[in-house]
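**Q** Got a file for you: upload_18.cif, mmCIF, C-alpha atoms.
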data_data
#
loop_
_atom_site.group_PDB
_atom_site.id
_atom_site.type_symbol
_atom_site.label_atom_id
_atom_site.label_comp_id
_atom_site.auth_asym_id
_atom_site.auth_seq_id
_atom_site.Cartn_x
_atom_site.Cartn_y
_atom_site.Cartn_z
ATOM 1 C CA MET A 1 -3.785 30.262 68.726
ATOM 2 C CA THR A 2 -2.404 33.622 69.828
ATOM 3 C CA ALA A 3 -1.276 36.226 67.329
ATOM 4 C CA ALA A 4 -3.264 39.394 68.046
ATOM 5 C CA THR A 5 -0.409 41.830 67.411
ATOM 6 C CA PRO A 6 1.326 42.578 64.099
ATOM 7 C CA LYS A 7 4.509 41.060 65.519
ATOM 8 C CA GLY A 8 2.553 37.995 66.594
ATOM 9 C CA GLU A 9 1.003 37.680 63.130
ATOM 10 C CA ARG A 10 4.449 37.914 61.513
ATOM 11 C CA ARG A 11 5.845 35.248 63.835
ATOM 12 C CA ARG A 12 2.885 32.946 63.276
ATOM 13 C CA GLN A 13 3.207 33.408 59.510
ATOM 14 C CA ALA A 14 6.941 32.690 59.684
ATOM 15 C CA LEU A 15 6.157 29.420 61.465
ATOM 16 C CA VAL A 16 3.516 28.497 58.872
ATOM 17 C CA GLU A 17 5.887 29.223 55.994
ATOM 18 C CA ALA A 18 8.694 27.278 57.661
ATOM 19 C CA ALA A 19 6.389 24.311 58.251
ATOM 20 C CA SER A 20 5.154 24.537 54.661
ATOM 21 C CA GLY A 21 8.724 24.412 53.370
ATOM 22 C CA LEU A 22 9.506 21.394 55.522
ATOM 23 C CA PHE A 23 6.303 19.739 54.323
ATOM 24 C CA ALA A 24 7.239 20.303 50.682
ATOM 25 C CA GLU A 25 10.730 18.891 51.236
ATOM 26 C CA GLY A 26 10.007 15.962 53.534
ATOM 27 C CA GLY A 27 6.294 15.401 53.966
ATOM 28 C CA PHE A 28 4.420 15.224 57.233
ATOM 29 C CA ASP A 29 7.251 13.629 59.192
ATOM 30 C CA ALA A 30 9.429 16.669 58.567
ATOM 31 C CA ILE A 31 7.054 18.954 60.471
ATOM 32 C CA ARG A 32 8.247 18.870 64.069
ATOM 33 C CA HIS A 33 8.156 21.701 66.586
ATOM 34 C CA ARG A 34 11.938 22.007 66.790
ATOM 35 C CA ALA A 35 12.508 21.841 63.025
ATOM 36 C CA VAL A 36 9.821 24.447 62.342
ATOM 37 C CA ALA A 37 11.107 26.825 65.016
ATOM 38 C CA GLU A 38 14.700 26.476 63.775
ATOM 39 C CA ARG A 39 13.745 27.085 60.167
ATOM 40 C CA ALA A 40 11.671 30.134 61.163
ATOM 41 C CA GLY A 41 14.494 31.448 63.375
ATOM 42 C CA LEU A 42 12.200 31.553 66.397
ATOM 43 C CA PRO A 43 12.360 30.021 69.870
ATOM 44 C CA LEU A 44 11.063 26.482 70.203
ATOM 45 C CA ALA A 45 8.281 27.613 72.534
ATOM 46 C CA SER A 46 6.809 29.802 69.780
ATOM 47 C CA THR A 47 5.324 26.785 68.000
ATOM 48 C CA THR A 48 3.220 25.869 71.028
ATOM 49 C CA TYR A 49 2.463 29.517 71.769
ATOM 50 C CA TYR A 50 0.961 30.175 68.332
ATOM 51 C CA PHE A 51 -0.501 26.704 67.683
ATOM 52 C CA ASP A 52 -2.547 24.625 70.108
ATOM 53 C CA SER A 53 -1.229 21.370 68.648
ATOM 54 C CA LEU A 54 1.079 19.926 66.040
ATOM 55 C CA ASP A 55 -2.040 18.988 64.043
ATOM 56 C CA GLU A 56 -3.039 22.661 63.931
ATOM 57 C CA LEU A 57 0.435 23.621 62.712
ATOM 58 C CA ILE A 58 0.376 20.865 60.093
ATOM 59 C CA THR A 59 -3.042 22.011 58.906
ATOM 60 C CA ALA A 60 -1.818 25.588 58.559
ATOM 61 C CA ALA A 61 1.265 24.398 56.650
ATOM 62 C CA VAL A 62 -0.727 22.190 54.281
ATOM 63 C CA GLU A 63 -3.208 24.995 53.648
ATOM 64 C CA PHE A 64 -0.448 27.537 52.988
ATOM 65 C CA HIS A 65 1.361 25.121 50.677
ATOM 66 C CA GLY A 66 -1.778 24.151 48.764
ATOM 67 C CA ARG A 67 -3.193 27.644 48.408
ATOM 68 C CA SER A 68 0.202 29.057 47.383
ATOM 69 C CA GLU A 69 0.554 26.420 44.697
ATOM 70 C CA LEU A 70 -2.977 27.023 43.383
ATOM 71 C CA ALA A 71 -2.488 30.806 43.391
ATOM 72 C CA SER A 72 0.725 30.418 41.422
ATOM 73 C CA PHE A 73 -1.044 28.345 38.770
ATOM 74 C CA ARG A 74 -3.964 30.789 38.626
ATOM 75 C CA ARG A 75 -1.501 33.634 38.002
ATOM 76 C CA ARG A 76 0.240 31.581 35.346
ATOM 77 C CA LEU A 77 -3.042 30.825 33.593
ATOM 78 C CA SER A 78 -4.278 34.421 33.739
ATOM 79 C CA SER A 79 -0.971 35.812 32.480
ATOM 80 C CA ASN A 80 -1.278 33.809 29.270
ATOM 81 C CA GLN A 81 -4.294 35.117 27.386
ATOM 82 C CA GLU A 82 -3.703 32.982 24.312
ATOM 83 C CA ARG A 83 -5.548 29.768 23.632
ATOM 84 C CA LEU A 84 -3.572 26.795 24.934
ATOM 85 C CA SER A 85 -2.433 24.280 22.354
ATOM 86 C CA ASP A 86 -2.984 20.593 23.112
ATOM 87 C CA ASP A 87 0.669 20.226 24.136
ATOM 88 C CA ALA A 88 0.496 23.284 26.396
ATOM 89 C CA LEU A 89 -2.746 21.948 27.891
ATOM 90 C CA VAL A 90 -1.156 18.586 28.728
ATOM 91 C CA GLU A 91 1.937 20.225 30.199
ATOM 92 C CA PHE A 92 -0.143 22.607 32.311
ATOM 93 C CA VAL A 93 -2.304 19.776 33.658
ATOM 94 C CA LEU A 94 0.802 17.701 34.410
ATOM 95 C CA ASP A 95 2.401 20.670 36.186
ATOM 96 C CA LEU A 96 -0.738 21.014 38.299
ATOM 97 C CA LEU A 97 -1.155 17.350 39.162
ATOM 98 C CA VAL A 98 2.339 15.872 39.041
ATOM 99 C CA GLY A 99 4.628 18.840 39.628
ATOM 100 C CA GLU A 100 6.590 21.209 37.480
ATOM 101 C CA ASP A 101 9.996 19.508 37.582
ATOM 102 C CA ALA A 102 9.755 16.808 34.952
ATOM 103 C CA THR A 103 13.143 15.314 35.838
ATOM 104 C CA ASP A 104 12.845 15.034 39.632
ATOM 105 C CA VAL A 105 11.285 11.614 40.238
ATOM 106 C CA GLU A 106 11.876 11.938 43.991
ATOM 107 C CA ALA A 107 9.852 15.165 44.087
ATOM 108 C CA VAL A 108 6.975 13.436 42.272
ATOM 109 C CA LEU A 109 7.140 10.497 44.660
ATOM 110 C CA LEU A 110 7.132 12.819 47.673
ATOM 111 C CA ARG A 111 4.165 14.738 46.234
ATOM 112 C CA TYR A 112 2.128 11.544 45.922
ATOM 113 C CA GLU A 113 3.246 10.274 49.324
ATOM 114 C CA ARG A 114 1.977 13.546 50.832
ATOM 115 C CA LEU A 115 -1.347 13.180 49.040
ATOM 116 C CA VAL A 116 -1.833 9.604 50.205
ATOM 117 C CA ALA A 117 -0.725 10.419 53.753
ATOM 118 C CA THR A 118 -3.434 13.062 54.131
ATOM 119 C CA GLY A 119 -5.944 10.209 54.182
ATOM 120 C CA ARG A 120 -4.487 9.062 57.509
ATOM 121 C CA ARG A 121 -5.130 12.464 59.059
ATOM 122 C CA PRO A 122 -8.877 12.969 59.536
ATOM 123 C CA TYR A 123 -8.336 16.534 60.765
ATOM 124 C CA LEU A 124 -7.135 17.440 57.253
ATOM 125 C CA ARG A 125 -10.172 16.100 55.396
ATOM 126 C CA PRO A 126 -12.217 19.342 55.342
ATOM 127 C CA LEU A 127 -9.224 21.324 54.095
ATOM 128 C CA MET A 128 -8.323 18.711 51.495
ATOM 129 C CA ARG A 129 -11.898 18.739 50.190
ATOM 130 C CA GLU A 130 -11.674 22.530 49.770
ATOM 131 C CA LEU A 131 -8.301 22.380 48.042
ATOM 132 C CA SER A 132 -9.459 19.508 45.848
ATOM 133 C CA THR A 133 -12.507 21.493 44.759
ATOM 134 C CA GLU A 134 -10.317 24.494 43.918
ATOM 135 C CA LEU A 135 -7.943 22.251 41.964
ATOM 136 C CA ARG A 136 -10.788 20.803 39.930
ATOM 137 C CA VAL A 137 -12.096 24.291 39.118
ATOM 138 C CA LEU A 138 -8.616 25.285 37.980
ATOM 139 C CA VAL A 139 -8.267 22.157 35.810
ATOM 140 C CA THR A 140 -11.646 22.992 34.257
ATOM 141 C CA ASP A 141 -10.417 26.544 33.587
ATOM 142 C CA VAL A 142 -7.248 25.203 31.942
ATOM 143 C CA PHE A 143 -9.336 23.037 29.619
ATOM 144 C CA ALA A 144 -11.611 25.990 28.813
ATOM 145 C CA ARG A 145 -8.521 28.055 27.911
ATOM 146 C CA SER A 146 -7.638 25.350 25.392
ATOM 147 C CA GLY A 147 -11.095 25.502 23.854
ATOM 148 C CA ARG A 148 -12.193 22.212 25.389
ATOM 149 C CA GLU A 149 -15.225 22.252 27.603
ATOM 150 C CA VAL A 150 -15.153 19.463 30.185
ATOM 151 C CA ASP A 151 -17.715 18.657 32.825
ATOM 152 C CA SER A 152 -16.909 17.686 36.407
ATOM 153 C CA ASP A 153 -17.133 13.955 35.656
ATOM 154 C CA ARG A 154 -14.578 14.262 32.854
ATOM 155 C CA VAL A 155 -12.259 16.286 35.082
ATOM 156 C CA GLU A 156 -12.474 13.537 37.721
ATOM 157 C CA GLU A 157 -11.748 10.926 35.084
ATOM 158 C CA LEU A 158 -8.696 12.755 33.725
ATOM 159 C CA ILE A 159 -7.276 13.440 37.197
ATOM 160 C CA ALA A 160 -7.732 9.764 38.074
ATOM 161 C CA LEU A 161 -6.009 8.801 34.822
ATOM 162 C CA VAL A 162 -2.995 10.985 35.570
ATOM 163 C CA ASP A 163 -2.782 9.960 39.230
ATOM 164 C CA GLY A 164 -3.202 6.274 38.384
ATOM 165 C CA SER A 165 -0.542 6.485 35.692
ATOM 166 C CA VAL A 166 1.917 8.078 38.104
ATOM 167 C CA VAL A 167 1.284 5.546 40.856
ATOM 168 C CA ASN A 168 1.503 2.682 38.361
ATOM 169 C CA SER A 169 4.822 3.985 37.081
ATOM 170 C CA PHE A 170 6.181 3.835 40.632
ATOM 171 C CA ILE A 171 4.921 0.282 41.087
ATOM 172 C CA GLU A 172 6.500 -0.775 37.801
ATOM 173 C CA LEU A 173 9.727 1.080 38.699
ATOM 174 C CA LYS A 174 9.580 3.279 35.611
ATOM 175 C CA SER A 175 11.926 6.233 35.770
ATOM 176 C CA ASP A 176 9.628 8.799 34.145
ATOM 177 C CA PRO A 177 6.260 8.984 35.926
ATOM 178 C CA ARG A 178 5.441 12.367 34.398
ATOM 179 C CA GLY A 179 6.199 11.065 30.913
ATOM 180 C CA VAL A 180 3.984 8.031 31.482
ATOM 181 C CA ALA A 181 1.138 10.236 32.728
ATOM 182 C CA GLY A 182 1.633 12.599 29.786
ATOM 183 C CA ARG A 183 1.351 9.789 27.246
ATOM 184 C CA MET A 184 -1.826 8.493 28.915
ATOM 185 C CA LEU A 185 -3.361 11.969 29.061
ATOM 186 C CA ARG A 186 -2.519 12.729 25.413
ATOM 187 C CA SER A 187 -4.026 9.406 24.369
ATOM 188 C CA ALA A 188 -7.224 10.048 26.341
ATOM 189 C CA LEU A 189 -7.565 13.563 24.907
ATOM 190 C CA SER A 190 -7.001 12.387 21.327
ATOM 191 C CA ARG A 191 -9.813 9.843 21.706
ATOM 192 C CA HIS A 192 -12.197 12.570 22.868
ATOM 193 C CA ALA A 193 -11.135 15.366 20.537
#
Would you write the structure of this file as structure tokens?
**A**
Amino acid sequence: MTAATPKGERRRQALVEAASGLFAEGGFDAIRHRAVAERAGLPLASTTYYFDSLDELITAAVEFHGRSELASFRRRLSSNQERLSDDALVEFVLDLLVGEDATDVEAVLLRYERLVATGRRPYLRPLMRELSTELRVLVTDVFARSGREVDSDRVEELIALVDGSVVNSFIELKSDPRGVAGRMLRSALSRHA
């Protein structure tokens, strides 16, 4: 990777942001040297100049995407100093895990396809472990803001419940995966109130 000058840093960052946008819209297959360079408005050769491999570019894009998303949710949580109601808690957790657009089933499907596809890319495992840890801390913080203390095992259980509900809704061809996950999460929380 070469980006020792301010101009180089700006170009590299433009490539990362372009790749992140492509990743969010089309998953891993959308990140190609030409597509990234075009979106960033840079010459094709810039992708290989600033990144040693496509895997390195993909890693940078996934990290930028994941950290941006987490930072946005942290800001959202810190901007609301009030105690979260049970409904607000469920909606916040669903936004974090499933996505904020409750009506866009394709976006939810793409989100889960991206998550599953990371398992086929061993070079992403260390990053995904970091992001996963940060996500779990944030979920724990969301529960604390609602007055519910949850330990790491319970967080794992609730994330698995939401993720399983979403995947099951796709298998069963249900048109509202977020709604299905929300009902399951509300039910689980009411049993452990």
**Q** Using all atoms listed in the file, which residues sit within 10 Å of Ser46 of chain A once same-chain residues fewer than 3 positions away are excluded, as a ChimeraX atom specification?
**A** /A:2,8,11-12,15,33-34,36-37,40,42-43,49-51
**Q** Can you pull out every residue within 10 Å of segment 122-125 of chain A, counting all atoms listed in the file, but drop anything in the same chain fewer than 4 positions away, and send it as a ChimeraX atom specification?
**A** /A:55-56,58-60,62-63,118,129-131
**Q** Name the residues that the PyMOL selection byres ((chain A and resi 96) around 9) pulls out of this structure, and write them as a PyMOL selection string.
**A** chain A and resi 69-70+73+91-95+97-100+135+138-139
**Q** With only C-alpha atoms as the atoms that count, which of A:Thr133, A:Leu189, A:Lys174, A:Phe23 lies nearest to Ser152 of chain A?
**A**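 So, comparing all the options, the nearest one is A:Thr133.
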**Q** To one decimal place, how far is atom CA of Arg83 of chain A from atom CA of Ser146 of chain A in Å?
**A**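 Value for the atom CA of Arg83 of chain A-atom CA of Ser146 of chain A distance: 5.2 Å.
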**Q** Applying the PyMOL selection byres ((chain A and resi 155) around 12) to the file I just gave you, which residues come out? Please list them as a PyMOL selection string.
**A** chain A and resi 93+97+132-133+135-144+148-154+156-162+185+188-189
**Q** Report as lines of an AutoDock Vina configuration file the centre and the edge lengths, in Å to one decimal, of the axis-aligned box holding every listed atom of segment 26-37 of chain A, padded by 6 Å on each side.
**A**
center_x = 8.5
center_y = 20.2
center_z = 60.2
size_x = 20.1
size_y = 25.2
size_z = 25.3
**Q** Using atom CA of Thr47 of chain A and atom CA of Glu9 of chain A as the two end points, give the distance in Å to one decimal.
**A**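 Distance reported for this atom pair: 12.7 Å.
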**Q** Could you expand the PyMOL selection byres ((chain A and resi 175-182) around 9) into the explicit residues it covers here, written as a PyMOL selection string?
**A** chain A and resi 90-91+94+98-99+102-105+108-109+161-170+173-174+183-187
**Q** Grab the atom CA of Ala14 of chain A to atom CA of Asp29 of chain A distance for me, in Å with one decimal place.
**A**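 Computed distance, atom CA of Ala14 of chain A to atom CA of Asp29 of chain A, equals 19.1 Å.
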**Q** Determine the nearest neighbour of Ser78 of chain A from the options A:Arg145, A:Ala24, A:Ala35, A:Glu106, counting all atoms listed in the file.
**A** A:Arg145
**Q** What lies within 12 Å of Ala30 of chain A using all atoms listed in the file, ignoring chain neighbours under 6 positions off, as a PDB file with C-alpha atoms, keeping the file's coordinate frame?
**A**
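Final file, result-v4.pdb:
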ATOM      1  CA  ALA A  18       8.694  27.278  57.661  1.00  0.00           C
ATOM      2  CA  ALA A  19       6.389  24.311  58.251  1.00  0.00           C
ATOM      3  CA  SER A  20       5.154  24.537  54.661  1.00  0.00           C
ATOM      4  CA  GLY A  21       8.724  24.412  53.370  1.00  0.00           C
ATOM      5  CA  LEU A  22       9.506  21.394  55.522  1.00  0.00           C
ATOM      6  CA  PHE A  23       6.303  19.739  54.323  1.00  0.00           C
ATOM      7  CA  ALA A  24       7.239  20.303  50.682  1.00  0.00           C
ATOM      8  CA  VAL A  36       9.821  24.447  62.342  1.00  0.00           C
ATOM      9  CA  ARG A  39      13.745  27.085  60.167  1.00  0.00           C
ATOM     10  CA  LEU A  54       1.079  19.926  66.040  1.00  0.00           C
ATOM     11  CA  ILE A  58       0.376  20.865  60.093  1.00  0.00           C
ATOM     12  CA  ALA A  61       1.265  24.398  56.650  1.00  0.00           C
ATOM     13  CA  LEU A 110       7.132  12.819  47.673  1.00  0.00           C
ATOM     14  CA  ARG A 114       1.977  13.546  50.832  1.00  0.00           C
TER      15      ARG A 114
END
**Q** Point out the residue among A:Lys7, A:Ser53, A:Leu127, A:Asp86 with the least atom-to-atom distance to Arg67 of chain A, counting only C-alpha atoms.
**A** A:Leu127
**Q** Hey, which of A:Leu89, A:Leu57, A:Ala107, A:Met128 ends up closest to Ile31 of chain A? Count all atoms listed in the file.
**A**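 Nearest candidate to Ile31 of chain A out of A:Leu89, A:Leu57, A:Ala107, A:Met128: A:Leu57.
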**Q** Write out N, CA and C atoms for segment 88-116 of chain A, as a PDB file, in the frame of the given file.
**A**
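This is the output file result_39.pdb:
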ATOM      1  N   ALA A  88       0.450  22.386  25.237  1.00  0.00           N
ATOM      2  CA  ALA A  88       0.496  23.284  26.396  1.00  0.00           C
ATOM      3  C   ALA A  88      -0.543  22.874  27.439  1.00  0.00           C
ATOM      4  N   LEU A  89      -1.707  22.435  26.981  1.00  0.00           N
ATOM      5  CA  LEU A  89      -2.746  21.948  27.891  1.00  0.00           C
ATOM      6  C   LEU A  89      -2.235  20.766  28.709  1.00  0.00           C
ATOM      7  N   VAL A  90      -1.668  19.782  28.036  1.00  0.00           N
ATOM      8  CA  VAL A  90      -1.156  18.586  28.728  1.00  0.00           C
ATOM      9  C   VAL A  90      -0.071  18.979  29.713  1.00  0.00           C
ATOM     10  N   GLU A  91       0.853  19.824  29.302  1.00  0.00           N
ATOM     11  CA  GLU A  91       1.937  20.225  30.199  1.00  0.00           C
ATOM     12  C   GLU A  91       1.413  20.985  31.411  1.00  0.00           C
ATOM     13  N   PHE A  92       0.434  21.848  31.200  1.00  0.00           N
ATOM     14  CA  PHE A  92      -0.143  22.607  32.311  1.00  0.00           C
ATOM     15  C   PHE A  92      -0.824  21.669  33.296  1.00  0.00           C
ATOM     16  N   VAL A  93      -1.611  20.736  32.783  1.00  0.00           N
ATOM     17  CA  VAL A  93      -2.304  19.776  33.658  1.00  0.00           C
ATOM     18  C   VAL A  93      -1.283  18.925  34.408  1.00  0.00           C
ATOM     19  N   LEU A  94      -0.239  18.491  33.739  1.00  0.00           N
ATOM     20  CA  LEU A  94       0.802  17.701  34.410  1.00  0.00           C
ATOM     21  C   LEU A  94       1.511  18.532  35.479  1.00  0.00           C
ATOM     22  N   ASP A  95       1.786  19.797  35.184  1.00  0.00           N
ATOM     23  CA  ASP A  95       2.401  20.670  36.186  1.00  0.00           C
ATOM     24  C   ASP A  95       1.511  20.753  37.424  1.00  0.00           C
ATOM     25  N   LEU A  96       0.223  20.908  37.201  1.00  0.00           N
ATOM     26  CA  LEU A  96      -0.738  21.014  38.299  1.00  0.00           C
ATOM     27  C   LEU A  96      -0.808  19.742  39.133  1.00  0.00           C
ATOM     28  N   LEU A  97      -0.888  18.605  38.463  1.00  0.00           N
ATOM     29  CA  LEU A  97      -1.155  17.350  39.162  1.00  0.00           C
ATOM     30  C   LEU A  97       0.099  16.600  39.600  1.00  0.00           C
ATOM     31  N   VAL A  98       1.141  16.676  38.793  1.00  0.00           N
ATOM     32  CA  VAL A  98       2.339  15.872  39.041  1.00  0.00           C
ATOM     33  C   VAL A  98       3.481  16.708  39.606  1.00  0.00           C
ATOM     34  N   GLY A  99       3.543  17.969  39.209  1.00  0.00           N
ATOM     35  CA  GLY A  99       4.628  18.840  39.628  1.00  0.00           C
ATOM     36  C   GLY A  99       5.347  19.383  38.415  1.00  0.00           C
ATOM     37  N   GLU A 100       5.990  20.510  38.616  1.00  0.00           N
ATOM     38  CA  GLU A 100       6.590  21.209  37.480  1.00  0.00           C
ATOM     39  C   GLU A 100       7.947  20.680  37.055  1.00  0.00           C
ATOM     40  N   ASP A 101       8.664  20.002  37.931  1.00  0.00           N
ATOM     41  CA  ASP A 101       9.996  19.508  37.582  1.00  0.00           C
ATOM     42  C   ASP A 101       9.866  18.113  36.977  1.00  0.00           C
ATOM     43  N   ALA A 102       9.955  18.063  35.675  1.00  0.00           N
ATOM     44  CA  ALA A 102       9.755  16.808  34.952  1.00  0.00           C
ATOM     45  C   ALA A 102      10.860  15.792  35.207  1.00  0.00           C
ATOM     46  N   THR A 103      12.010  16.231  35.688  1.00  0.00           N
ATOM     47  CA  THR A 103      13.143  15.314  35.838  1.00  0.00           C
ATOM     48  C   THR A 103      13.317  14.801  37.267  1.00  0.00           C
ATOM     49  N   ASP A 104      12.639  15.389  38.234  1.00  0.00           N
ATOM     50  CA  ASP A 104      12.845  15.034  39.632  1.00  0.00           C
ATOM     51  C   ASP A 104      11.833  13.991  40.090  1.00  0.00           C
ATOM     52  N   VAL A 105      12.173  12.718  39.883  1.00  0.00           N
ATOM     53  CA  VAL A 105      11.285  11.614  40.238  1.00  0.00           C
ATOM     54  C   VAL A 105      11.038  11.591  41.747  1.00  0.00           C
ATOM     55  N   GLU A 106      12.048  11.923  42.531  1.00  0.00           N
ATOM     56  CA  GLU A 106      11.876  11.938  43.991  1.00  0.00           C
ATOM     57  C   GLU A 106      10.841  12.971  44.417  1.00  0.00           C
ATOM     58  N   ALA A 107      10.832  14.127  43.766  1.00  0.00           N
ATOM     59  CA  ALA A 107       9.852  15.165  44.087  1.00  0.00           C
ATOM     60  C   ALA A 107       8.439  14.692  43.761  1.00  0.00           C
ATOM     61  N   VAL A 108       8.290  13.973  42.647  1.00  0.00           N
ATOM     62  CA  VAL A 108       6.975  13.436  42.272  1.00  0.00           C
ATOM     63  C   VAL A 108       6.540  12.393  43.290  1.00  0.00           C
ATOM     64  N   LEU A 109       7.453  11.522  43.667  1.00  0.00           N
ATOM     65  CA  LEU A 109       7.140  10.497  44.660  1.00  0.00           C
ATOM     66  C   LEU A 109       6.728  11.142  45.985  1.00  0.00           C
ATOM     67  N   LEU A 110       7.462  12.130  46.431  1.00  0.00           N
ATOM     68  CA  LEU A 110       7.132  12.819  47.673  1.00  0.00           C
ATOM     69  C   LEU A 110       5.765  13.483  47.574  1.00  0.00           C
ATOM     70  N   ARG A 111       5.470  14.090  46.438  1.00  0.00           N
ATOM     71  CA  ARG A 111       4.165  14.738  46.234  1.00  0.00           C
ATOM     72  C   ARG A 111       3.034  13.729  46.416  1.00  0.00           C
ATOM     73  N   TYR A 112       3.172  12.558  45.813  1.00  0.00           N
ATOM     74  CA  TYR A 112       2.128  11.544  45.922  1.00  0.00           C
ATOM     75  C   TYR A 112       2.091  10.910  47.306  1.00  0.00           C
ATOM     76  N   GLU A 113       3.233  10.766  47.939  1.00  0.00           N
ATOM     77  CA  GLU A 113       3.246  10.274  49.324  1.00  0.00           C
ATOM     78  C   GLU A 113       2.492  11.236  50.225  1.00  0.00           C
ATOM     79  N   ARG A 114       2.696  12.545  50.027  1.00  0.00           N
ATOM     80  CA  ARG A 114       1.977  13.546  50.832  1.00  0.00           C
ATOM     81  C   ARG A 114       0.474  13.442  50.604  1.00  0.00           C
ATOM     82  N   LEU A 115       0.076  13.282  49.344  1.00  0.00           N
ATOM     83  CA  LEU A 115      -1.347  13.180  49.040  1.00  0.00           C
ATOM     84  C   LEU A 115      -1.973  11.955  49.702  1.00  0.00           C
ATOM     85  N   VAL A 116      -1.305  10.829  49.603  1.00  0.00           N
ATOM     86  CA  VAL A 116      -1.833   9.604  50.205  1.00  0.00           C
ATOM     87  C   VAL A 116      -1.849   9.715  51.726  1.00  0.00           C
TER      88      VAL A 116
END
